[in-house]
$ cat input.csv   # CSV, C-alpha atoms and all ligand atoms
chain,number,residue,atom,x,y,z
A,195,MET,CA,10.2,-6.5,-27.2
A,196,ASP,CA,9.5,-6.1,-23.5
A,197,ASN,CA,9.5,-9.4,-21.6
A,198,TYR,CA,6.5,-9.6,-19.4
A,199,VAL,CA,6.7,-13.3,-19.0
A,200,TYR,CA,9.7,-15.4,-18.2
A,201,ILE,CA,10.4,-19.0,-17.3
A,202,LEU,CA,12.8,-20.4,-14.7
A,203,GLY,CA,12.9,-24.2,-14.6
A,204,ASN,CA,9.3,-25.3,-14.7
A,205,LYS,CA,7.8,-22.1,-13.3
A,206,ILE,CA,6.2,-19.2,-15.1
A,207,TYR,CA,7.0,-15.7,-13.8
A,208,ILE,CA,5.3,-12.4,-14.6
A,209,ASN,CA,7.2,-9.1,-14.8
A,210,LEU,CA,4.8,-6.2,-14.3
A,211,THR,CA,7.0,-3.2,-13.6
A,212,ASN,CA,10.5,-2.0,-13.1
A,213,ARG,CA,9.4,0.5,-10.4
A,214,CYS,CA,10.4,-0.2,-6.8
A,215,THR,CA,10.2,1.7,-3.5
A,216,ASN,CA,13.4,0.1,-2.4
A,217,ASN,CA,17.0,0.0,-3.6
A,218,CYS,CA,18.2,-3.1,-1.8
A,219,ASP,CA,21.9,-3.8,-1.5
A,220,PHE,CA,21.4,-7.3,-2.9
A,221,CYS,CA,19.1,-6.5,-5.7
A,222,ILE,CA,20.2,-8.0,-9.0
A,223,ARG,CA,18.5,-5.2,-11.0
A,224,ARG,CA,21.1,-2.7,-9.6
A,225,ASP,CA,23.7,-4.2,-11.9
A,226,HIS,CA,21.2,-4.4,-14.9
A,227,LYS,CA,21.7,-8.1,-15.0
A,228,ASP,CA,19.4,-10.3,-17.0
A,229,MET,CA,17.5,-13.2,-15.5
A,230,ASP,CA,19.0,-16.4,-16.9
A,231,GLY,CA,19.3,-14.8,-20.3
A,232,THR,CA,15.9,-12.9,-20.2
A,233,VAL,CA,16.2,-9.1,-20.1
A,234,LEU,CA,13.6,-7.9,-17.6
A,235,TRP,CA,14.0,-4.2,-18.1
A,236,ILE,CA,10.9,-3.0,-19.8
A,237,LYS,CA,10.1,0.2,-21.7
A,238,GLU,CA,6.4,0.2,-20.9
A,239,GLU,CA,4.5,-1.5,-18.2
A,240,PRO,CA,2.1,-4.2,-19.5
A,241,THR,CA,-1.7,-4.3,-19.6
A,242,ALA,CA,-3.3,-7.6,-18.8
A,243,GLU,CA,-3.7,-8.3,-22.5
A,244,ASP,CA,0.1,-7.8,-23.0
A,245,VAL,CA,0.8,-10.3,-20.3
A,246,ILE,CA,-1.7,-12.9,-21.4
A,247,GLU,CA,-0.5,-12.7,-25.0
A,248,GLN,CA,3.0,-13.7,-23.9
A,249,LEU,CA,2.0,-16.7,-21.8
A,250,PRO,CA,3.2,-19.9,-23.4
A,251,GLN,CA,0.6,-21.9,-25.4
A,252,ASN,CA,1.5,-25.1,-23.5
A,253,LEU,CA,0.6,-23.6,-20.1
A,254,ASP,CA,-0.3,-26.9,-18.6
A,255,ASP,CA,3.2,-28.2,-19.1
A,256,PHE,CA,4.4,-25.8,-16.4
A,257,ASP,CA,3.9,-25.7,-12.7
A,258,ASN,CA,0.3,-24.8,-11.8
A,259,GLU,CA,1.4,-21.8,-9.7
A,260,ILE,CA,2.3,-18.7,-11.6
A,261,VAL,CA,4.4,-16.0,-9.8
A,262,PHE,CA,4.2,-12.2,-10.0
A,263,CYS,CA,7.9,-11.3,-9.6
A,264,GLY,CA,10.1,-9.3,-11.8
A,265,TYR,CA,12.6,-6.4,-11.7
A,266,GLY,CA,10.4,-4.2,-9.5
A,267,GLU,CA,7.6,-4.3,-7.0
A,268,PRO,CA,4.6,-6.0,-8.7
A,269,THR,CA,2.0,-4.1,-6.8
A,270,TYR,CA,3.0,-0.8,-8.5
A,271,ASN,CA,1.0,-2.2,-11.5
A,272,LEU,CA,-2.0,-3.3,-9.5
A,273,GLU,CA,-4.7,-3.1,-12.2
A,274,THR,CA,-2.8,-5.5,-14.5
A,275,LEU,CA,-2.0,-7.8,-11.6
A,276,ASP,CA,-5.6,-8.0,-10.6
A,277,GLU,CA,-6.8,-8.6,-14.2
A,278,VAL,CA,-4.1,-11.2,-15.0
A,279,ALA,CA,-4.8,-13.0,-11.7
A,280,SER,CA,-8.5,-13.2,-12.5
A,281,TYR,CA,-7.7,-14.7,-15.9
A,282,LEU,CA,-5.3,-17.2,-14.4
A,283,HIS,CA,-7.9,-18.2,-11.7
A,284,CYS,CA,-10.5,-18.7,-14.5
A,285,ILE,CA,-8.2,-21.2,-16.2
A,286,ASP,CA,-7.6,-23.0,-12.8
A,287,LYS,CA,-4.1,-21.7,-12.2
A,288,THR,CA,-2.9,-20.5,-8.8
A,289,THR,CA,-0.9,-17.4,-8.2
A,290,ARG,CA,1.8,-16.2,-5.9
A,291,ILE,CA,3.3,-12.7,-5.4
A,292,ASN,CA,6.7,-11.9,-4.2
A,293,THR,CA,6.3,-8.5,-2.7
A,294,ASN,CA,8.2,-6.1,-0.6
A,295,GLY,CA,5.0,-5.5,1.3
A,296,GLN,CA,4.8,-1.7,0.6
A,297,ALA,CA,1.7,-1.7,-1.5
A,298,ASN,CA,-0.4,0.2,1.0
A,299,LEU,CA,2.3,2.9,1.1
A,300,ILE,CA,2.5,3.0,-2.7
A,301,HIS,CA,-1.2,3.4,-3.2
A,302,GLY,CA,-1.9,5.5,-0.1
A,303,GLN,CA,-4.7,3.2,0.9
A,304,ASP,CA,-5.3,-0.3,2.1
A,305,VAL,CA,-5.2,-2.5,-1.0
A,306,THR,CA,-4.8,-5.8,0.9
A,307,ASP,CA,-8.3,-7.0,-0.1
A,308,LEU,CA,-7.4,-6.9,-3.7
A,309,ILE,CA,-4.0,-8.6,-3.0
A,310,VAL,CA,-5.6,-11.4,-1.1
A,311,THR,CA,-8.2,-12.0,-3.9
A,312,SER,CA,-5.6,-11.9,-6.6
A,313,CYS,CA,-2.8,-13.9,-5.0
A,314,ASP,CA,-3.1,-17.3,-3.5
A,315,VAL,CA,0.2,-17.0,-1.7
A,316,ILE,CA,1.6,-13.7,-0.6
A,317,ASN,CA,5.3,-13.9,0.0
A,318,VAL,CA,6.4,-10.8,1.8
A,319,SER,CA,10.2,-10.2,1.9
A,320,LEU,CA,10.9,-9.3,5.5
A,321,ASN,CA,14.6,-9.2,4.8
A,322,GLU,CA,15.7,-7.9,8.2
A,323,SER,CA,14.9,-8.1,11.9
A,324,THR,CA,14.6,-4.4,12.7
A,325,ALA,CA,13.4,-1.2,11.0
A,326,GLN,CA,16.9,0.2,11.2
A,327,LYS,CA,18.6,-2.7,9.5
A,328,TYR,CA,15.9,-2.8,6.9
A,329,GLN,CA,16.3,0.8,6.0
A,330,GLN,CA,20.1,0.4,6.0
A,331,HIS,CA,20.0,-2.4,3.5
A,332,CYS,CA,16.8,-1.9,1.5
A,333,LYS,CA,16.7,1.9,1.4
A,334,SER,CA,12.9,2.4,1.1
A,335,ILE,CA,11.8,5.8,-0.2
A,336,TYR,CA,9.4,5.7,2.8
A,337,GLY,CA,12.3,5.7,5.2
A,338,ILE,CA,12.4,4.0,8.6
A,339,ASN,CA,8.6,3.7,8.7
A,340,ALA,CA,8.5,1.2,5.8
A,341,TYR,CA,9.3,-1.8,8.0
A,342,ASP,CA,6.4,-1.3,10.4
A,343,SER,CA,4.1,-0.8,7.4
A,344,ILE,CA,5.3,-4.1,5.9
A,345,ILE,CA,4.5,-5.9,9.0
A,346,GLU,CA,1.1,-4.2,9.1
A,347,PHE,CA,0.5,-5.2,5.5
A,348,ALA,CA,1.3,-8.8,6.2
A,349,LYS,CA,-1.1,-8.7,9.3
A,350,LEU,CA,-3.9,-7.2,7.2
A,351,CYS,CA,-3.4,-9.8,4.4
A,352,LYS,CA,-3.6,-12.6,7.0
A,353,GLN,CA,-6.7,-11.1,8.7
A,354,ARG,CA,-8.4,-11.1,5.3
A,355,GLY,CA,-7.7,-14.8,4.9
A,356,GLY,CA,-4.6,-14.5,2.8
A,357,ASN,CA,-1.9,-17.2,2.8
A,358,VAL,CA,1.0,-15.1,3.9
A,359,VAL,CA,4.6,-16.1,4.2
A,360,PHE,CA,7.6,-14.0,5.2
A,361,SER,CA,11.0,-14.6,3.7
A,362,VAL,CA,14.5,-13.8,4.6
A,363,VAL,CA,17.9,-14.8,3.2
A,364,ASP,CA,20.2,-16.7,5.6
A,365,SER,CA,23.1,-14.3,4.8
A,366,ILE,CA,21.7,-11.9,7.4
A,367,GLY,CA,23.1,-14.2,10.0
A,368,GLU,CA,21.8,-16.7,12.5
A,369,GLN,CA,20.9,-14.2,15.2
A,370,ASP,CA,18.9,-12.0,12.9
A,371,VAL,CA,17.2,-15.0,11.3
A,372,ALA,CA,16.2,-16.1,14.9
A,373,GLU,CA,14.8,-12.5,15.6
A,374,CYS,CA,12.8,-12.7,12.3
A,375,GLN,CA,11.5,-16.1,13.4
A,376,LYS,CA,10.4,-14.7,16.7
A,377,LEU,CA,8.5,-11.9,15.0
A,378,ALA,CA,6.9,-14.3,12.5
A,379,ASP,CA,5.9,-16.7,15.2
A,380,LYS,CA,4.3,-13.8,17.2
A,381,LEU,CA,2.2,-12.9,14.1
A,382,GLY,CA,1.4,-16.5,13.3
A,383,ILE,CA,3.0,-16.2,9.8
A,384,PRO,CA,5.4,-18.8,8.5
A,385,LEU,CA,9.0,-17.7,7.8
A,386,ARG,CA,10.9,-19.1,4.8
A,387,VAL,CA,14.7,-18.9,5.1
A,388,ARG,CA,16.2,-18.8,1.7
A,389,ILE,CA,19.8,-20.0,1.3
A,390,LYS,CA,22.0,-17.4,-0.4
A,391,LYS,CA,23.3,-18.8,-3.7
B,1,LIG,S1,12.4,-4.9,-3.1
B,1,LIG,FE1,13.0,-6.4,-4.6
B,1,LIG,S2,13.0,-5.4,-6.6
B,1,LIG,FE2,12.9,-3.8,-5.1
B,1,LIG,S3,15.1,-3.2,-4.8
B,1,LIG,FE3,14.6,-4.8,-3.3
B,1,LIG,S4,15.2,-6.8,-4.2
B,1,LIG,FE4,15.1,-5.2,-5.8
$ encode --input "input.csv" --output "structure tokens" --more "lines below"
Ligand code: SF4
Amino acid sequence: MDNYVYILGNKIYINLTNRCTNNCDFCIRRDHKDMDGTVLWIKEEPTAEDVIEQLPQNLDDFDNEIVFCGYGEPTYNLETLDEVASYLHCIDKTTRINTNGQANLIHGQDVTDLIVTSCDVINVSLNESTAQKYQQHCKSIYGINAYDSIIEFAKLCKQRGGNVVFSVVDSIGEQDVAECQKLADKLGIPLRVRIKK
């Protein structure tokens, strides 16, 4: 059975796709690892019904925020994301997406309206301080232009009233984290620095 829903600690995560525009050096899907025992490789991408069916019955025992984050870029499966988010909002849950920020490139149009409506928190993985470094480590299919498009995506989400957060991992080094912080400050978007495990 494909796993569209998985649980880490007290949080529920939704795995919508295995497709990604990137091939990041640090991505755990590269080694086909499972996520704390749950296999997140799926044969078919889910519909909203598929996802809702797999949500635990005791939903209220978990954190109120449910996260779109799996082995791929969730915005590839935008229709399901939108429908599942509407369902979750109807039952008073909040939503977050962990995204690589390339949704507008993927869909060839500005989809930030839908993202902002569906996701209460939009966590954009900035990963690096320059387009060159991003492309070197994340290897977007869109090439060197991906980085600027990610920044544009974050700006558009913010303009539309979205709660946008950038994230980087501290392993990029103090100087690069400082550069990312400068960029984030300029855009008025908070930066979350994750500690590499
Ligand atoms: S953007 Fe995320 S899912 Fe895609 S390759 Fe990078 S770490 Fe993996």
$ residues_around --input "input.csv" --residues "stretch 256-259 of chain A" --least-positions-apart "2" --cutoff "7 Å" --atoms "all atoms listed in the file" --output "JSON, numbers by chain"
{"A": [204, 205, 206, 253, 254, 261, 287, 288, 289, 290]}
$ write_last_selection --input "input.csv" --atoms "C-alpha atoms" --output "JSON list (two decimals), keeping the file's coordinate frame"
[["chain", "number", "residue", "atom", "x", "y", "z"],
["A", 204, "ASN", "CA", 9.30, -25.30, -14.70],
["A", 205, "LYS", "CA", 7.80, -22.10, -13.30],
["A", 206, "ILE", "CA", 6.20, -19.20, -15.10],
["A", 253, "LEU", "CA", 0.60, -23.60, -20.10],
["A", 254, "ASP", "CA", -0.30, -26.90, -18.60],
["A", 261, "VAL", "CA", 4.40, -16.00, -9.80],
["A", 287, "LYS", "CA", -4.10, -21.70, -12.20],
["A", 288, "THR", "CA", -2.90, -20.50, -8.80],
["A", 289, "THR", "CA", -0.90, -17.40, -8.20],
["A", 290, "ARG", "CA", 1.80, -16.20, -5.90]]
$ residues_near_ligand --input "input.csv" --ligand "ligand LIG 1 (chain B)" --cutoff "6 Å" --atoms "only C-alpha atoms and all ligand atoms" --output "list of chain:residue names"
A:Cys214, A:Asn216, A:Asn217, A:Cys218, A:Cys221, A:Tyr265, A:Gly266, A:Glu267, A:Asn294
$ residues_around --input "input.csv" --residues "A:Lys333" --least-positions-apart "4" --cutoff "12 Å" --atoms "all atoms listed in the file" --output "list in words"
Cys214, Thr215, Asn216, Asn217, Cys218, Asp219, Phe220, Cys221, Asn294, Asn321, Glu322, Ala325, Gln326, Lys327, Tyr328, Gln329, Gly337, Ile338, Asn339, Ala340 and Tyr341 of chain A
$ closest_residue --input "input.csv" --among "A:Val362, A:Val310, A:Leu381, A:Ile345" --to "A:Ala279" --atoms "only C-alpha atoms"
A:Val310
$ closest_residue --input "input.csv" --among "A:Gly367, A:Gly355, A:Gly382, A:Pro240" --to "A:Cys313" --atoms "only C-alpha atoms"
A:Gly355
$ closest_residue --input "input.csv" --among "A:Ser361, A:Gln369, A:Thr211, A:Ser312" --to "A:Ile389" --atoms "only C-alpha atoms"
A:Ser361
$ residues_around --input "input.csv" --residues "A:Asn357" --least-positions-apart "6" --cutoff "7 Å" --atoms "all atoms listed in the file" --output "list in words"
Asp314, Val315 and Ile316 of chain A
$ write_last_selection --input "input.csv" --atoms "C-alpha atoms" --output "mmCIF file, in the frame of the given file"
data_model
loop_
_atom_site.group_PDB
_atom_site.id
_atom_site.type_symbol
_atom_site.label_atom_id
_atom_site.label_comp_id
_atom_site.auth_asym_id
_atom_site.auth_seq_id
_atom_site.Cartn_x
_atom_site.Cartn_y
_atom_site.Cartn_z
ATOM 1 C CA ASP A 314 -3.100 -17.300 -3.500
ATOM 2 C CA VAL A 315 0.200 -17.000 -1.700
ATOM 3 C CA ILE A 316 1.600 -13.700 -0.600
#
$ residues_around --input "input.csv" --residues "A:Tyr281" --least-positions-apart "4" --cutoff "10 Å" --atoms "only C-alpha atoms" --output "MDAnalysis selection string"
chainID A and resid 242 246 275:277 285:287 312
$ atom_distance --input "input.csv" --atom1 "atom CA of A:Pro384" --atom2 "atom CA of A:Val363"
14.2 Å
$ closest_residue --input "input.csv" --among "A:Asn252, A:Thr324, A:Ser280, A:Thr232" --to "A:Asp370" --atoms "only C-alpha atoms"
A:Thr324
$ residues_around --input "input.csv" --residues "A:Leu234" --least-positions-apart "4" --cutoff "7 Å" --atoms "all atoms listed in the file" --output "mmCIF file with C-alpha atoms, in the coordinates of the input"
data_model
loop_
_atom_site.group_PDB
_atom_site.id
_atom_site.type_symbol
_atom_site.label_atom_id
_atom_site.label_comp_id
_atom_site.auth_asym_id
_atom_site.auth_seq_id
_atom_site.Cartn_x
_atom_site.Cartn_y
_atom_site.Cartn_z
ATOM 1 C CA ASN A 197 9.500 -9.400 -21.600
ATOM 2 C CA ASP A 228 19.400 -10.300 -17.000
ATOM 3 C CA MET A 229 17.500 -13.200 -15.500
ATOM 4 C CA GLY A 264 10.100 -9.300 -11.800
ATOM 5 C CA TYR A 265 12.600 -6.400 -11.700
#
$ atom_distance --input "input.csv" --atom1 "atom CA of A:Asp196" --atom2 "atom CA of A:Glu238"
7.5 Å
$ closest_residue --input "input.csv" --among "A:Ile260, A:Ile366, A:Lys380, A:Lys352" --to "A:His331" --atoms "all atoms listed in the file"
A:Ile366
$ atom_distance --input "input.csv" --atom1 "atom CA of A:Tyr207" --atom2 "atom CA of A:Ser323"
27.9 Å
$ closest_residue --input "input.csv" --among "A:Lys237, A:Arg223, A:Cys263, A:Gly356" --to "A:Tyr200" --atoms "all atoms listed in the file"
A:Cys263
$ decode --input "input.csv" --residues "stretch 347-377 of chain A" --atoms "N, CA, C and O atoms" --output "compact mmCIF listing (two decimals), in the first residue's frame"
# COMPACT_ATOMS: atom_id res chain seq x y z
N PHE A 347 8.79 33.61 -5.82
CA PHE A 347 7.66 32.83 -5.29
C PHE A 347 7.37 33.25 -3.85
O PHE A 347 6.22 33.49 -3.48
N ALA A 348 8.42 33.33 -3.05
CA ALA A 348 8.25 33.70 -1.63
C ALA A 348 7.68 35.12 -1.52
O ALA A 348 6.78 35.38 -0.72
N LYS A 349 8.19 36.02 -2.37
CA LYS A 349 7.71 37.41 -2.34
C LYS A 349 6.22 37.47 -2.70
O LYS A 349 5.43 38.16 -2.06
N LEU A 350 5.83 36.72 -3.74
CA LEU A 350 4.43 36.72 -4.18
C LEU A 350 3.52 36.15 -3.09
O LEU A 350 2.44 36.69 -2.83
N CYS A 351 3.97 35.08 -2.46
CA CYS A 351 3.16 34.48 -1.38
C CYS A 351 2.97 35.51 -0.27
O CYS A 351 1.87 35.66 0.27
N LYS A 352 4.04 36.20 0.07
CA LYS A 352 3.96 37.20 1.14
C LYS A 352 3.02 38.34 0.73
O LYS A 352 2.17 38.76 1.51
N GLN A 353 3.17 38.81 -0.52
CA GLN A 353 2.30 39.89 -1.02
C GLN A 353 0.83 39.51 -0.94
O GLN A 353 -0.03 40.34 -0.74
N ARG A 354 0.55 38.22 -1.12
CA ARG A 354 -0.84 37.77 -1.11
C ARG A 354 -1.32 37.44 0.31
O ARG A 354 -2.35 36.82 0.49
N GLY A 355 -0.50 37.80 1.29
CA GLY A 355 -0.92 37.64 2.68
C GLY A 355 -0.48 36.33 3.31
O GLY A 355 -0.92 35.99 4.41
N GLY A 356 0.37 35.58 2.60
CA GLY A 356 0.82 34.29 3.13
C GLY A 356 1.81 34.46 4.28
O GLY A 356 2.55 35.45 4.34
N ASN A 357 1.81 33.50 5.15
CA ASN A 357 2.77 33.45 6.26
C ASN A 357 3.98 32.64 5.77
O ASN A 357 3.97 31.42 5.82
N VAL A 358 4.98 33.36 5.26
CA VAL A 358 6.11 32.70 4.60
C VAL A 358 7.32 32.67 5.53
O VAL A 358 7.61 33.65 6.22
N VAL A 359 8.01 31.54 5.52
CA VAL A 359 9.24 31.39 6.30
C VAL A 359 10.28 30.77 5.37
O VAL A 359 9.96 29.84 4.62
N PHE A 360 11.49 31.28 5.41
CA PHE A 360 12.60 30.62 4.69
C PHE A 360 13.28 29.66 5.65
O PHE A 360 13.33 29.91 6.87
N SER A 361 13.87 28.61 5.10
CA SER A 361 14.68 27.75 5.97
C SER A 361 16.01 27.41 5.31
O SER A 361 16.11 27.31 4.08
N VAL A 362 17.02 27.29 6.16
CA VAL A 362 18.33 26.80 5.73
C VAL A 362 18.84 25.85 6.81
O VAL A 362 18.35 25.86 7.94
N VAL A 363 19.82 25.04 6.44
CA VAL A 363 20.44 24.16 7.43
C VAL A 363 21.79 24.78 7.81
O VAL A 363 22.50 25.30 6.94
N ASP A 364 22.13 24.73 9.09
CA ASP A 364 23.34 25.40 9.57
C ASP A 364 24.62 24.85 8.93
O ASP A 364 25.66 25.53 8.93
N SER A 365 24.54 23.66 8.36
CA SER A 365 25.75 23.05 7.79
C SER A 365 26.29 23.83 6.58
O SER A 365 27.41 23.58 6.14
N ILE A 366 25.53 24.79 6.05
CA ILE A 366 26.07 25.59 4.92
C ILE A 366 27.17 26.54 5.41
O ILE A 366 27.87 27.13 4.61
N GLY A 367 27.27 26.70 6.72
CA GLY A 367 28.34 27.54 7.26
C GLY A 367 27.83 28.90 7.70
O GLY A 367 26.87 29.43 7.13
N GLU A 368 28.52 29.43 8.70
CA GLU A 368 28.09 30.68 9.33
C GLU A 368 27.95 31.84 8.35
O GLU A 368 26.99 32.60 8.39
N GLN A 369 28.93 31.95 7.45
CA GLN A 369 28.92 33.09 6.53
C GLN A 369 27.72 33.03 5.57
O GLN A 369 27.06 34.03 5.32
N ASP A 370 27.45 31.83 5.07
CA ASP A 370 26.32 31.68 4.16
C ASP A 370 24.98 31.87 4.89
O ASP A 370 24.05 32.44 4.33
N VAL A 371 24.93 31.39 6.13
CA VAL A 371 23.71 31.62 6.92
C VAL A 371 23.50 33.13 7.09
O VAL A 371 22.39 33.63 6.95
N ALA A 372 24.59 33.84 7.35
CA ALA A 372 24.49 35.30 7.53
C ALA A 372 24.01 35.97 6.24
O ALA A 372 23.19 36.90 6.28
N GLU A 373 24.49 35.49 5.09
CA GLU A 373 24.04 36.04 3.80
C GLU A 373 22.55 35.75 3.59
O GLU A 373 21.80 36.61 3.10
N CYS A 374 22.13 34.54 3.94
CA CYS A 374 20.71 34.18 3.82
C CYS A 374 19.86 35.07 4.73
O CYS A 374 18.77 35.50 4.36
N GLN A 375 20.39 35.33 5.92
CA GLN A 375 19.66 36.18 6.87
C GLN A 375 19.48 37.58 6.30
O GLN A 375 18.41 38.18 6.42
N LYS A 376 20.55 38.10 5.65
CA LYS A 376 20.48 39.43 5.06
C LYS A 376 19.39 39.48 4.00
O LYS A 376 18.59 40.41 3.92
N LEU A 377 19.37 38.45 3.14
CA LEU A 377 18.37 38.37 2.08
C LEU A 377 16.96 38.30 2.68
O LEU A 377 16.05 39.01 2.25
